[in-house]
file protein.txt (compact mmCIF, C-alpha atoms)
# COMPACT_ATOMS: atom_id res chain seq x y z
CA MET L 11 11.70 10.51 3.56
CA LEU L 12 14.43 7.94 3.97
CA ARG L 13 14.30 5.99 7.19
CA SER L 14 16.96 6.02 9.87
CA PRO L 15 18.44 2.60 10.69
CA ILE L 16 17.33 0.53 13.68
CA ASN L 17 20.01 0.63 16.38
CA HIS L 18 18.07 -0.61 19.42
CA CYS L 19 15.32 -3.16 20.09
CA LYS L 20 11.90 -1.53 20.47
CA GLN L 21 10.88 -4.24 22.95
CA CYS L 22 13.79 -4.22 25.43
CA GLY L 23 16.18 -1.45 24.32
CA ALA L 24 19.23 -3.68 23.74
CA ALA L 25 21.53 -2.88 20.80
CA VAL L 26 20.49 -4.97 17.77
CA THR L 27 22.66 -6.88 15.32
CA TYR L 28 21.94 -7.18 11.58
CA ARG L 29 21.79 -10.78 10.40
CA VAL L 30 19.62 -13.29 8.53
CA PRO L 31 17.22 -14.76 11.12
CA ASP L 32 17.23 -18.54 11.71
CA ASP L 33 13.57 -18.96 10.72
CA GLY L 34 14.05 -19.59 6.99
CA ASP L 35 14.25 -15.88 6.11
CA THR L 36 16.67 -14.87 3.36
CA LYS L 37 17.16 -11.18 4.21
CA LYS L 38 19.23 -9.44 6.88
CA ARG L 39 17.06 -7.99 9.66
CA ALA L 40 17.73 -6.10 12.86
CA VAL L 41 17.64 -8.91 15.44
CA CYS L 42 17.75 -8.40 19.21
CA PRO L 43 20.42 -10.58 20.88
CA ALA L 44 18.70 -10.12 24.26
CA CYS L 45 14.98 -10.84 23.66
CA HIS L 46 15.27 -12.27 20.09
CA THR L 47 12.72 -9.87 18.56
CA ILE L 48 13.13 -9.58 14.77
CA HIS L 49 12.51 -6.03 13.48
CA TYR L 50 11.06 -5.80 9.98
CA GLU L 51 11.11 -2.65 7.87
CA ASN L 52 8.45 -2.32 5.20
CA PRO L 53 7.27 0.19 2.60
CA LEU L 54 5.04 3.09 3.57
CA ASN L 55 1.85 4.13 1.80
CA VAL L 56 1.23 7.75 0.84
CA VAL L 57 -2.45 8.48 0.11
CA GLY L 58 -4.04 11.52 -1.51
CA THR L 59 -6.59 12.88 -3.96
CA VAL L 60 -7.04 14.48 -7.34
CA ALA L 61 -9.87 16.79 -6.25
CA HIS L 62 -11.57 18.42 -9.23
CA TRP L 63 -13.97 21.34 -9.81
CA GLY L 64 -15.12 21.54 -13.40
CA GLU L 65 -11.98 21.66 -15.53
CA GLN L 66 -9.80 22.54 -12.55
CA VAL L 67 -7.88 20.48 -9.98
CA LEU L 68 -6.86 21.37 -6.44
CA LEU L 69 -3.17 21.86 -5.65
CA CYS L 70 -1.54 22.82 -2.35
CA LYS L 71 1.63 24.91 -2.00
CA ARG L 72 3.80 23.15 0.58
CA ASN L 73 4.56 24.94 3.85
CA ILE L 74 6.86 22.10 4.98
CA GLU L 75 10.02 20.32 3.88
CA PRO L 76 10.79 18.50 1.71
CA ARG L 77 9.94 20.65 -1.32
CA TYR L 78 8.89 23.73 0.65
CA GLY L 79 7.05 26.18 -1.64
CA LYS L 80 6.39 23.59 -4.38
CA TRP L 81 2.90 22.50 -5.43
CA THR L 82 1.44 19.10 -4.60
CA LEU L 83 -1.80 17.17 -4.64
CA PRO L 84 -3.05 16.85 -1.05
CA ALA L 85 -1.45 13.62 0.26
CA GLY L 86 0.40 12.17 3.22
CA PHE L 87 1.34 9.00 5.06
CA MET L 88 -1.45 6.50 5.61
CA GLU L 89 -2.13 5.90 9.33
CA LEU L 90 -3.17 2.78 11.25
CA ASN L 91 -6.94 2.21 11.63
CA GLU L 92 -7.93 3.82 8.35
CA THR L 93 -8.48 2.62 4.80
CA THR L 94 -6.54 4.01 1.83
CA ALA L 95 -9.57 6.11 0.83
CA GLU L 96 -10.12 7.33 4.41
CA GLY L 97 -6.48 8.38 4.62
CA ALA L 98 -6.69 10.18 1.28
CA ALA L 99 -9.81 12.03 2.48
CA ARG L 100 -8.19 12.91 5.82
CA GLU L 101 -5.13 14.39 4.11
CA THR L 102 -7.33 16.42 1.74
CA ASP L 103 -9.23 17.80 4.69
CA GLU L 104 -6.07 18.53 6.73
CA GLU L 105 -4.03 20.13 3.95
CA ALA L 106 -6.70 21.98 1.99
CA GLY L 107 -9.80 22.20 4.20
CA ALA L 108 -11.79 21.17 1.13
CA GLN L 109 -15.40 19.96 0.84
CA PHE L 110 -15.58 16.92 -1.45
CA GLU L 111 -16.94 13.45 -2.09
CA MET L 112 -14.54 10.59 -2.70
CA GLN L 113 -14.52 8.71 -6.03
CA GLY L 114 -12.51 5.75 -7.31
CA LEU L 115 -8.86 4.75 -7.03
CA PHE L 116 -6.97 6.48 -9.84
CA THR L 117 -3.21 5.83 -9.58
CA LEU L 118 -0.95 3.39 -7.73
CA LEU L 119 2.67 4.51 -8.05
CA ASN L 120 5.61 2.49 -6.78
CA VAL L 121 8.63 4.47 -5.59
CA ALA L 122 10.73 1.43 -4.67
CA ARG L 123 13.92 3.49 -4.28
CA VAL L 124 12.52 5.09 -1.13
CA GLY L 125 10.23 2.22 -0.08
CA GLN L 126 6.93 3.96 -0.77
CA VAL L 127 3.66 3.25 -2.57
CA HIS L 128 1.58 6.32 -3.51
CA LEU L 129 -2.18 5.92 -4.03
CA PHE L 130 -4.35 8.71 -5.41
CA TYR L 131 -8.15 8.72 -5.52
CA ARG L 132 -10.32 11.02 -7.58
CA ALA L 133 -12.58 13.32 -5.52
CA ARG L 134 -15.38 15.64 -6.62
CA LEU L 135 -15.16 19.05 -4.96
CA LEU L 136 -18.45 20.38 -3.55
CA SER L 137 -17.11 23.93 -3.14
CA ASP L 138 -14.30 26.07 -4.57
CA GLN L 139 -13.57 27.55 -1.14
CA PHE L 140 -10.65 26.12 0.88
CA ASN L 141 -9.35 26.44 4.41
CA PRO L 142 -5.76 25.19 4.27
CA GLY L 143 -4.03 23.78 7.35
CA SER L 144 -0.59 24.58 8.74
CA GLU L 145 1.25 22.38 6.20
CA THR L 146 -0.10 24.43 3.28
CA ILE L 147 0.79 28.01 2.24
CA GLU L 148 -2.02 28.23 -0.29
CA ALA L 149 -4.69 25.90 -1.73
CA ARG L 150 -6.08 26.78 -5.15
CA LEU L 151 -7.57 25.44 -8.36
CA PHE L 152 -5.67 25.12 -11.64
CA THR L 153 -6.77 24.34 -15.18
CA GLU L 154 -4.45 22.04 -17.13
CA ALA L 155 -2.94 25.04 -18.94
CA ASP L 156 -2.23 26.84 -15.66
CA ILE L 157 -0.57 23.94 -13.80
CA PRO L 158 2.95 25.05 -12.68
CA TRP L 159 4.55 21.91 -14.19
CA ASP L 160 8.09 22.99 -13.26
CA GLU L 161 7.05 23.67 -9.67
CA ILE L 162 5.42 20.31 -8.88
CA ALA L 163 6.82 18.81 -5.67
CA PHE L 164 6.92 15.10 -6.55
CA ARG L 165 7.08 12.92 -9.64
CA THR L 166 4.15 10.83 -8.43
CA VAL L 167 2.03 14.01 -8.37
CA LYS L 168 3.16 15.04 -11.87
CA GLU L 169 2.42 11.57 -13.28
CA THR L 170 -0.99 11.49 -11.61
CA LEU L 171 -1.90 14.94 -12.99
CA GLU L 172 -0.78 13.95 -16.50
CA HIS L 173 -2.91 10.78 -16.40
CA TYR L 174 -5.83 12.73 -14.95
CA PHE L 175 -5.97 15.31 -17.75
CA ALA L 176 -5.37 12.63 -20.42
CA ASP L 177 -8.24 10.51 -19.05
CA ARG L 178 -10.44 13.59 -18.69
CA ARG L 179 -9.97 14.42 -22.39
CA ARG L 180 -10.86 10.83 -23.26
CA GLY L 181 -13.86 10.95 -20.92
CA ASP L 182 -12.91 7.67 -19.24
CA TYR L 183 -10.98 7.27 -15.97
CA GLY L 184 -8.93 4.10 -15.54
CA VAL L 185 -6.79 2.81 -12.68
CA HIS L 186 -3.13 3.40 -13.55
CA THR L 187 -0.23 1.46 -12.00
CA ILE L 188 3.11 3.19 -12.53
CA ASP L 189 6.69 2.48 -11.42
CA ILE L 190 8.83 5.54 -10.70
CA VAL L 191 12.45 4.55 -11.37
CA MET B 14 -0.34 -10.15 12.55
CA LEU B 15 -0.98 -7.50 15.16
CA ARG B 16 2.03 -5.44 16.06
CA SER B 17 3.62 -5.32 19.48
CA PRO B 18 3.83 -1.85 21.07
CA ILE B 19 6.97 0.29 20.96
CA ASN B 20 8.61 0.32 24.40
CA HIS B 21 12.09 1.61 23.57
CA CYS B 22 13.61 4.12 21.14
CA LYS B 23 15.15 2.42 18.08
CA GLN B 24 17.76 5.19 17.88
CA CYS B 25 19.11 5.32 21.44
CA GLY B 26 17.33 2.57 23.41
CA ALA B 27 15.70 4.85 26.03
CA ALA B 28 12.17 4.02 27.22
CA VAL B 29 9.63 5.99 25.14
CA THR B 30 6.55 7.85 26.31
CA TYR B 31 3.27 8.02 24.37
CA ARG B 32 2.12 11.59 23.71
CA VAL B 33 1.05 13.97 20.94
CA PRO B 34 4.28 15.47 19.50
CA ASP B 35 4.73 19.28 19.61
CA ASP B 36 5.03 19.57 15.80
CA GLY B 37 1.35 20.09 14.98
CA ASP B 38 0.55 16.36 14.98
CA THR B 39 -2.84 15.33 16.37
CA LYS B 40 -2.13 11.68 17.24
CA LYS B 41 -0.28 10.07 20.14
CA ARG B 42 3.08 8.66 19.07
CA ALA B 43 5.91 6.88 20.86
CA VAL B 44 8.31 9.78 21.56
CA CYS B 45 11.84 9.40 22.95
CA PRO B 46 12.45 11.69 25.95
CA ALA B 47 16.24 11.31 25.49
CA CYS B 48 16.89 11.90 21.75
CA HIS B 49 13.41 13.23 20.78
CA THR B 50 12.88 10.73 17.95
CA ILE B 51 9.19 10.32 17.06
CA HIS B 52 8.26 6.73 16.16
CA TYR B 53 5.47 6.34 13.62
CA GLU B 54 3.53 3.14 13.04
CA ASN B 55 1.96 2.68 9.63
CA PRO B 56 -0.03 0.04 7.73
CA LEU B 57 1.70 -2.88 6.06
CA ASN B 58 1.14 -4.04 2.49
CA VAL B 59 0.54 -7.70 1.68
CA VAL B 60 1.11 -8.53 -1.99
CA GLY B 61 0.20 -11.64 -3.96
CA THR B 62 -1.21 -13.15 -7.13
CA VAL B 63 -4.20 -14.85 -8.66
CA ALA B 64 -2.16 -17.18 -10.88
CA HIS B 65 -4.34 -18.94 -13.45
CA TRP B 66 -3.98 -21.93 -15.79
CA GLY B 67 -6.97 -22.24 -18.10
CA GLU B 68 -10.03 -22.38 -15.86
CA GLN B 69 -7.96 -23.12 -12.77
CA VAL B 70 -6.25 -20.93 -10.17
CA LEU B 71 -3.25 -21.71 -7.98
CA LEU B 72 -3.76 -22.10 -4.22
CA CYS B 73 -1.18 -22.92 -1.55
CA LYS B 74 -1.87 -24.92 1.62
CA ARG B 75 -0.22 -23.03 4.48
CA ASN B 76 2.63 -24.71 6.35
CA ILE B 77 2.85 -21.77 8.82
CA GLU B 78 0.68 -19.98 11.35
CA PRO B 79 -1.66 -18.22 11.29
CA ARG B 80 -4.17 -20.51 9.57
CA TYR B 81 -1.88 -23.53 9.31
CA GLY B 82 -3.35 -26.06 6.86
CA LYS B 83 -5.76 -23.58 5.25
CA TRP B 84 -5.60 -22.60 1.58
CA THR B 85 -4.40 -19.21 0.37
CA LEU B 86 -3.39 -17.36 -2.74
CA PRO B 87 0.41 -16.94 -2.71
CA ALA B 88 1.03 -13.65 -0.86
CA GLY B 89 3.15 -12.06 1.84
CA PHE B 90 4.48 -8.82 3.27
CA MET B 91 5.92 -6.37 0.76
CA GLU B 92 9.62 -5.66 1.35
CA LEU B 93 11.70 -2.51 0.92
CA ASN B 94 13.32 -2.00 -2.50
CA GLU B 95 10.62 -3.75 -4.49
CA THR B 96 7.43 -2.67 -6.25
CA THR B 97 4.02 -4.10 -5.39
CA ALA B 98 4.16 -6.30 -8.52
CA GLU B 99 7.74 -7.42 -7.79
CA GLY B 100 6.72 -8.37 -4.26
CA ALA B 101 3.68 -10.28 -5.53
CA ALA B 102 5.92 -12.15 -8.00
CA ARG B 103 8.54 -12.89 -5.32
CA GLU B 104 5.92 -14.37 -2.98
CA THR B 105 4.49 -16.52 -5.79
CA ASP B 106 7.95 -17.82 -6.53
CA GLU B 107 8.80 -18.43 -2.86
CA GLU B 108 5.53 -20.07 -1.82
CA ALA B 109 4.64 -22.04 -4.95
CA GLY B 110 7.78 -22.25 -7.11
CA ALA B 111 5.55 -21.37 -10.06
CA GLN B 112 6.47 -20.24 -13.59
CA PHE B 113 4.31 -17.27 -14.63
CA GLU B 114 4.09 -13.87 -16.21
CA MET B 115 2.61 -10.96 -14.24
CA GLN B 116 -0.54 -9.21 -15.41
CA GLY B 117 -2.49 -6.24 -14.04
CA LEU B 118 -3.50 -5.16 -10.55
CA PHE B 119 -6.73 -6.94 -9.68
CA THR B 120 -7.80 -6.20 -6.07
CA LEU B 121 -6.88 -3.67 -3.40
CA LEU B 122 -8.39 -4.72 -0.07
CA ASN B 123 -8.24 -2.59 3.07
CA VAL B 124 -8.09 -4.46 6.36
CA ALA B 125 -8.02 -1.35 8.56
CA ARG B 126 -8.70 -3.33 11.75
CA VAL B 127 -5.21 -4.86 11.55
CA GLY B 128 -3.49 -2.01 9.68
CA GLN B 129 -3.01 -3.85 6.39
CA VAL B 130 -3.60 -3.27 2.68
CA HIS B 131 -3.71 -6.40 0.51
CA LEU B 132 -2.93 -6.10 -3.21
CA PHE B 133 -3.43 -8.98 -5.65
CA TYR B 134 -2.23 -9.07 -9.26
CA ARG B 135 -3.39 -11.48 -11.93
CA ALA B 136 -0.64 -13.73 -13.28
CA ARG B 137 -0.67 -16.16 -16.23
CA LEU B 138 0.91 -19.50 -15.36
CA LEU B 139 3.39 -20.85 -17.92
CA SER B 140 3.40 -24.36 -16.42
CA ASP B 141 1.15 -26.48 -14.21
CA GLN B 142 4.16 -27.84 -12.31
CA PHE B 143 5.04 -26.29 -8.92
CA ASN B 144 7.91 -26.47 -6.48
CA PRO B 145 6.53 -25.14 -3.19
CA GLY B 146 8.79 -23.58 -0.56
CA SER B 147 8.96 -24.29 3.17
CA GLU B 148 5.90 -22.13 3.96
CA THR B 149 3.67 -24.31 1.76
CA ILE B 150 2.47 -27.90 2.37
CA GLU B 151 1.03 -28.25 -1.14
CA ALA B 152 0.54 -26.02 -4.20
CA ARG B 153 -2.19 -27.05 -6.63
CA LEU B 154 -4.72 -25.85 -9.17
CA PHE B 155 -8.45 -25.58 -8.51
CA THR B 156 -11.42 -24.94 -10.77
CA GLU B 157 -14.10 -22.65 -9.32
CA ALA B 158 -16.25 -25.68 -8.42
CA ASP B 159 -13.35 -27.36 -6.59
CA ILE B 160 -12.25 -24.38 -4.48
CA PRO B 161 -12.39 -25.37 -0.77
CA TRP B 162 -14.38 -22.24 0.12
CA ASP B 163 -14.70 -23.22 3.80
CA GLU B 164 -10.97 -23.82 4.07
CA ILE B 165 -9.73 -20.47 2.71
CA ALA B 166 -7.22 -18.84 5.07
CA PHE B 167 -8.17 -15.16 4.75
CA ARG B 168 -11.20 -13.09 3.79
CA THR B 169 -9.09 -11.01 1.37
CA VAL B 170 -8.25 -14.24 -0.49
CA LYS B 171 -11.91 -15.34 -0.58
CA GLU B 172 -13.07 -11.94 -1.87
CA THR B 173 -10.33 -11.88 -4.50
CA LEU B 174 -11.24 -15.38 -5.72
CA GLU B 175 -14.95 -14.48 -5.89
CA HIS B 176 -14.20 -11.37 -7.95
CA TYR B 177 -11.80 -13.32 -10.16
CA PHE B 178 -14.33 -15.98 -11.16
CA ALA B 179 -17.11 -13.38 -11.59
CA ASP B 180 -14.88 -11.27 -13.89
CA ARG B 181 -13.72 -14.38 -15.73
CA ARG B 182 -17.33 -15.32 -16.51
CA ARG B 183 -17.93 -11.77 -17.76
CA GLY B 184 -14.71 -11.87 -19.81
CA ASP B 185 -13.52 -8.52 -18.42
CA TYR B 186 -11.14 -7.99 -15.50
CA GLY B 187 -11.49 -4.76 -13.52
CA VAL B 188 -9.56 -3.36 -10.58
CA HIS B 189 -11.60 -3.89 -7.41
CA THR B 190 -11.19 -1.86 -4.23
CA ILE B 191 -12.78 -3.53 -1.22
CA ASP B 192 -12.98 -2.71 2.49
CA ILE B 193 -12.95 -5.70 4.85
CA VAL B 194 -14.84 -4.62 7.97

call {"tool": "encode", "arguments": {"input": "protein.txt", "output": "structure tokens"}}
result
Amino acid sequence: MLRSPINHCKQCGAAVTYRVPDDGDTKKRAVCPACHTIHYENPLNVVGTVAHWGEQVLLCKRNIEPRYGKWTLPAGFMELNETTAEGAARETDEEAGAQFEMQGLFTLLNVARVGQVHLFYRARLLSDQFNPGSETIEARLFTEADIPWDEIAFRTVKETLEHYFADRRRGDYGVHTIDIV
Amino acid sequence: MLRSPINHCKQCGAAVTYRVPDDGDTKKRAVCPACHTIHYENPLNVVGTVAHWGEQVLLCKRNIEPRYGKWTLPAGFMELNETTAEGAARETDEEAGAQFEMQGLFTLLNVARVGQVHLFYRARLLSDQFNPGSETIEARLFTEADIPWDEIAFRTVKETLEHYFADRRRGDYGVHTIDIV
């Protein structure tokens, strides 16, 4: 999701100009010539889970663009007034209708090219029954051997799955920080 | 830094209305009645370092509001087109003018009340000489015993320092996820 540029001031509606503000900043920002508001654009967090049931993990087949029909870990944009773990749990509930308990942070993946940080938590499923929401065609469990590796929606999901199964074999789950270039 | 509300559409400048969009969303958003743009507001990441020199860590005395004159770890808002670690390094350079090499992620702190996630990395200082920028009155090293605990600018900084010295004593640095309530 690339962002559309700022054309107008969100405070007063005037057309903005792009320039380096006079406050010691070094970067061009959208600045309002009328009310002088400076508009900052910052990275977005995407939060989700690796929800596991025995040897299997939960994937969701996307019912929305981008990557319609591809498989993903349940994840979405973090909202105001929630923690990273609360957002990850909310997305897992919304997209898969899963029953689970949250565990530790597992991956932090920087996707600087699109201004995003993806954060995945491990979660222990309490049931293998799912009730997927409108953004999901199908929610189901996969063993490592069954994962549709060529049909994974995002590189951050593929990297997280690879680290998950590697750590699972080793019997020790770390926190992995990864840059997607 | 609490955000000001969205009054006008950043695309076309029309006055927005707050309502739940018709796309399956469940939350009220600022929606443009003229061009139908939906404006999302999401948490901001603050990135910084625990930069250490032997038994000492680097703190900066703030030359800006909020918390003018209080001590902080070098940190600031993550920008587009950088990773969390690159942002943490940039802020350490800008605020302290320090020479260092980056190490691993150390704390992830949720401050849901203000819609922020703070991320601190450990960094090994290569010099004990600093060249602070305009946002910093003074940059200097403190041992644990010398830290001005009552003059620390932010709770995320205090928590990160406490975990740092505890891990240092133990000789093993983890990744700590903390909710500030």

call {"tool": "atom_distance", "arguments": {"input": "protein.txt", "atom1": "CA of Cys45 (chain B)", "atom2": "CA of Glu92 (chain B)"}}
result
26.4 Å

call {"tool": "interface_residues", "arguments": {"input": "protein.txt", "of": "chain B", "to": "chain L", "cutoff": "7 Å", "atoms": "only C-alpha atoms", "output": "MDAnalysis selection string"}}
result
chainID B and resid 19:27 54:57 91:97 123 125:126 128

call {"tool": "closest_residue", "arguments": {"input": "protein.txt", "among": "B:Trp162, B:Tyr134, B:Phe143, B:Trp84", "to": "Glu175 (chain B)", "atoms": "all atoms listed in the file"}}
result
B:Trp162

call {"tool": "atom_distance", "arguments": {"input": "protein.txt", "atom1": "CA of Cys45 (chain L)", "atom2": "CA of Asp33 (chain L)"}}
result
15.3 Å

call {"tool": "closest_residue", "arguments": {"input": "protein.txt", "among": "L:Arg13, L:Arg150, L:Arg100, L:Arg180", "to": "Thr82 (chain L)", "atoms": "only C-alpha atoms"}}
result
L:Arg150

call {"tool": "closest_residue", "arguments": {"input": "protein.txt", "among": "B:Arg42, B:Arg135, B:Lys83, B:Arg32", "to": "Phe119 (chain B)", "atoms": "only C-alpha atoms"}}
result
B:Arg135

call {"tool": "closest_residue", "arguments": {"input": "protein.txt", "among": "L:Asp177, L:Gly143, L:Pro158, L:Ala85", "to": "Asp38 (chain B)", "atoms": "only C-alpha atoms"}}
result
L:Gly143

call {"tool": "axis_aligned_box", "arguments": {"input": "protein.txt", "around": "region 140-151 of chain B", "padding_each_side": "8 Å", "output": "JSON"}}
result
{"center_x": 5.0, "center_y": -25.2, "center_z": -6.2, "size_x": 23.9, "size_y": 22.1, "size_z": 36.4}

call {"tool": "atom_distance", "arguments": {"input": "protein.txt", "atom1": "CA of Ile165 (chain B)", "atom2": "CA of Glu104 (chain B)"}}
result
17.7 Å

call {"tool": "residues_around", "arguments": {"input": "protein.txt", "residues": "Leu136 (chain L)", "least_positions_apart": "6", "cutoff": "9 Å", "atoms": "all atoms listed in the file", "output": "count of residues only"}}
result
5

call {"tool": "residues_around", "arguments": {"input": "protein.txt", "residues": "Leu72 (chain B)", "least_positions_apart": "3", "cutoff": "10 Å", "atoms": "all atoms listed in the file", "output": "list of chain:residue names"}}
result
B:Thr62, B:Val63, B:Ala64, B:His65, B:Gln69, B:Arg75, B:Lys83, B:Trp84, B:Thr85, B:Leu86, B:Pro87, B:Glu108, B:Ala109, B:Thr149, B:Glu151, B:Ala152, B:Arg153, B:Leu154, B:Phe155, B:Ile160, B:Pro161, B:Ile165, B:Val170

call {"tool": "closest_residue", "arguments": {"input": "protein.txt", "among": "L:Ile147, L:Leu171, L:Ala163, L:Ala99", "to": "Pro76 (chain L)", "atoms": "all atoms listed in the file"}}
result
L:Ala163

call {"tool": "build_atoms", "arguments": {"input": "protein.txt", "residues": "region 144-171 of chain L", "atoms": "N, CA and C atoms", "output": "PDB file, in the coordinates of the input"}}
result
ATOM      1  N   SER L 144      -1.910  24.000   8.487  1.00  0.00           N
ATOM      2  CA  SER L 144      -0.590  24.580   8.740  1.00  0.00           C
ATOM      3  C   SER L 144       0.483  24.069   7.776  1.00  0.00           C
ATOM      4  N   GLU L 145       0.232  22.927   7.109  1.00  0.00           N
ATOM      5  CA  GLU L 145       1.250  22.380   6.200  1.00  0.00           C
ATOM      6  C   GLU L 145       1.165  22.999   4.806  1.00  0.00           C
ATOM      7  N   THR L 146       0.181  23.893   4.610  1.00  0.00           N
ATOM      8  CA  THR L 146      -0.100  24.430   3.280  1.00  0.00           C
ATOM      9  C   THR L 146      -0.053  25.958   3.290  1.00  0.00           C
ATOM     10  N   ILE L 147       0.732  26.547   2.377  1.00  0.00           N
ATOM     11  CA  ILE L 147       0.790  28.010   2.240  1.00  0.00           C
ATOM     12  C   ILE L 147      -0.473  28.516   1.554  1.00  0.00           C
ATOM     13  N   GLU L 148      -0.886  27.779   0.510  1.00  0.00           N
ATOM     14  CA  GLU L 148      -2.020  28.230  -0.290  1.00  0.00           C
ATOM     15  C   GLU L 148      -2.639  27.000  -0.958  1.00  0.00           C
ATOM     16  N   ALA L 149      -3.971  26.958  -1.008  1.00  0.00           N
ATOM     17  CA  ALA L 149      -4.690  25.900  -1.730  1.00  0.00           C
ATOM     18  C   ALA L 149      -5.497  26.574  -2.826  1.00  0.00           C
ATOM     19  N   ARG L 150      -5.287  26.159  -4.083  1.00  0.00           N
ATOM     20  CA  ARG L 150      -6.080  26.780  -5.150  1.00  0.00           C
ATOM     21  C   ARG L 150      -6.283  25.851  -6.332  1.00  0.00           C
ATOM     22  N   LEU L 151      -7.194  26.240  -7.193  1.00  0.00           N
ATOM     23  CA  LEU L 151      -7.570  25.440  -8.360  1.00  0.00           C
ATOM     24  C   LEU L 151      -6.766  25.858  -9.580  1.00  0.00           C
ATOM     25  N   PHE L 152      -6.414  24.885 -10.406  1.00  0.00           N
ATOM     26  CA  PHE L 152      -5.670  25.120 -11.640  1.00  0.00           C
ATOM     27  C   PHE L 152      -6.331  24.392 -12.803  1.00  0.00           C
ATOM     28  N   THR L 153      -6.444  25.058 -13.946  1.00  0.00           N
ATOM     29  CA  THR L 153      -6.770  24.340 -15.180  1.00  0.00           C
ATOM     30  C   THR L 153      -5.491  23.654 -15.664  1.00  0.00           C
ATOM     31  N   GLU L 154      -5.626  22.737 -16.614  1.00  0.00           N
ATOM     32  CA  GLU L 154      -4.450  22.040 -17.130  1.00  0.00           C
ATOM     33  C   GLU L 154      -3.408  23.042 -17.643  1.00  0.00           C
ATOM     34  N   ALA L 155      -3.864  24.069 -18.349  1.00  0.00           N
ATOM     35  CA  ALA L 155      -2.940  25.040 -18.940  1.00  0.00           C
ATOM     36  C   ALA L 155      -2.204  25.861 -17.887  1.00  0.00           C
ATOM     37  N   ASP L 156      -2.819  26.003 -16.715  1.00  0.00           N
ATOM     38  CA  ASP L 156      -2.230  26.840 -15.660  1.00  0.00           C
ATOM     39  C   ASP L 156      -1.327  26.085 -14.697  1.00  0.00           C
ATOM     40  N   ILE L 157      -1.353  24.755 -14.757  1.00  0.00           N
ATOM     41  CA  ILE L 157      -0.570  23.940 -13.800  1.00  0.00           C
ATOM     42  C   ILE L 157       0.902  24.381 -13.853  1.00  0.00           C
ATOM     43  N   PRO L 158       1.517  24.689 -12.713  1.00  0.00           N
ATOM     44  CA  PRO L 158       2.950  25.050 -12.680  1.00  0.00           C
ATOM     45  C   PRO L 158       3.818  23.795 -12.778  1.00  0.00           C
ATOM     46  N   TRP L 159       3.918  23.232 -13.996  1.00  0.00           N
ATOM     47  CA  TRP L 159       4.550  21.910 -14.190  1.00  0.00           C
ATOM     48  C   TRP L 159       5.985  21.859 -13.670  1.00  0.00           C
ATOM     49  N   ASP L 160       6.690  22.983 -13.726  1.00  0.00           N
ATOM     50  CA  ASP L 160       8.090  22.990 -13.260  1.00  0.00           C
ATOM     51  C   ASP L 160       8.193  23.196 -11.751  1.00  0.00           C
ATOM     52  N   GLU L 161       7.056  23.414 -11.121  1.00  0.00           N
ATOM     53  CA  GLU L 161       7.050  23.670  -9.670  1.00  0.00           C
ATOM     54  C   GLU L 161       6.255  22.607  -8.918  1.00  0.00           C
ATOM     55  N   ILE L 162       6.132  21.408  -9.535  1.00  0.00           N
ATOM     56  CA  ILE L 162       5.420  20.310  -8.880  1.00  0.00           C
ATOM     57  C   ILE L 162       6.383  19.576  -7.950  1.00  0.00           C
ATOM     58  N   ALA L 163       5.931  19.291  -6.731  1.00  0.00           N
ATOM     59  CA  ALA L 163       6.820  18.810  -5.670  1.00  0.00           C
ATOM     60  C   ALA L 163       7.357  17.405  -5.910  1.00  0.00           C
ATOM     61  N   PHE L 164       6.536  16.508  -6.470  1.00  0.00           N
ATOM     62  CA  PHE L 164       6.920  15.100  -6.550  1.00  0.00           C
ATOM     63  C   PHE L 164       6.550  14.515  -7.904  1.00  0.00           C
ATOM     64  N   ARG L 165       7.362  13.553  -8.348  1.00  0.00           N
ATOM     65  CA  ARG L 165       7.080  12.920  -9.640  1.00  0.00           C
ATOM     66  C   ARG L 165       5.774  12.143  -9.635  1.00  0.00           C
ATOM     67  N   THR L 166       5.412  11.572  -8.487  1.00  0.00           N
ATOM     68  CA  THR L 166       4.150  10.830  -8.430  1.00  0.00           C
ATOM     69  C   THR L 166       2.963  11.773  -8.641  1.00  0.00           C
ATOM     70  N   VAL L 167       3.102  13.015  -8.179  1.00  0.00           N
ATOM     71  CA  VAL L 167       2.030  14.010  -8.370  1.00  0.00           C
ATOM     72  C   VAL L 167       1.956  14.414  -9.837  1.00  0.00           C
ATOM     73  N   LYS L 168       3.125  14.651 -10.456  1.00  0.00           N
ATOM     74  CA  LYS L 168       3.160  15.040 -11.870  1.00  0.00           C
ATOM     75  C   LYS L 168       2.561  13.937 -12.749  1.00  0.00           C
ATOM     76  N   GLU L 169       2.958  12.694 -12.496  1.00  0.00           N
ATOM     77  CA  GLU L 169       2.420  11.570 -13.280  1.00  0.00           C
ATOM     78  C   GLU L 169       0.909  11.443 -13.104  1.00  0.00           C
ATOM     79  N   THR L 170       0.449  11.612 -11.878  1.00  0.00           N
ATOM     80  CA  THR L 170      -0.990  11.490 -11.610  1.00  0.00           C
ATOM     81  C   THR L 170      -1.762  12.595 -12.317  1.00  0.00           C
ATOM     82  N   LEU L 171      -1.240  13.822 -12.294  1.00  0.00           N
ATOM     83  CA  LEU L 171      -1.900  14.940 -12.990  1.00  0.00           C
ATOM     84  C   LEU L 171      -1.935  14.688 -14.500  1.00  0.00           C
TER      85      LEU L 171
END
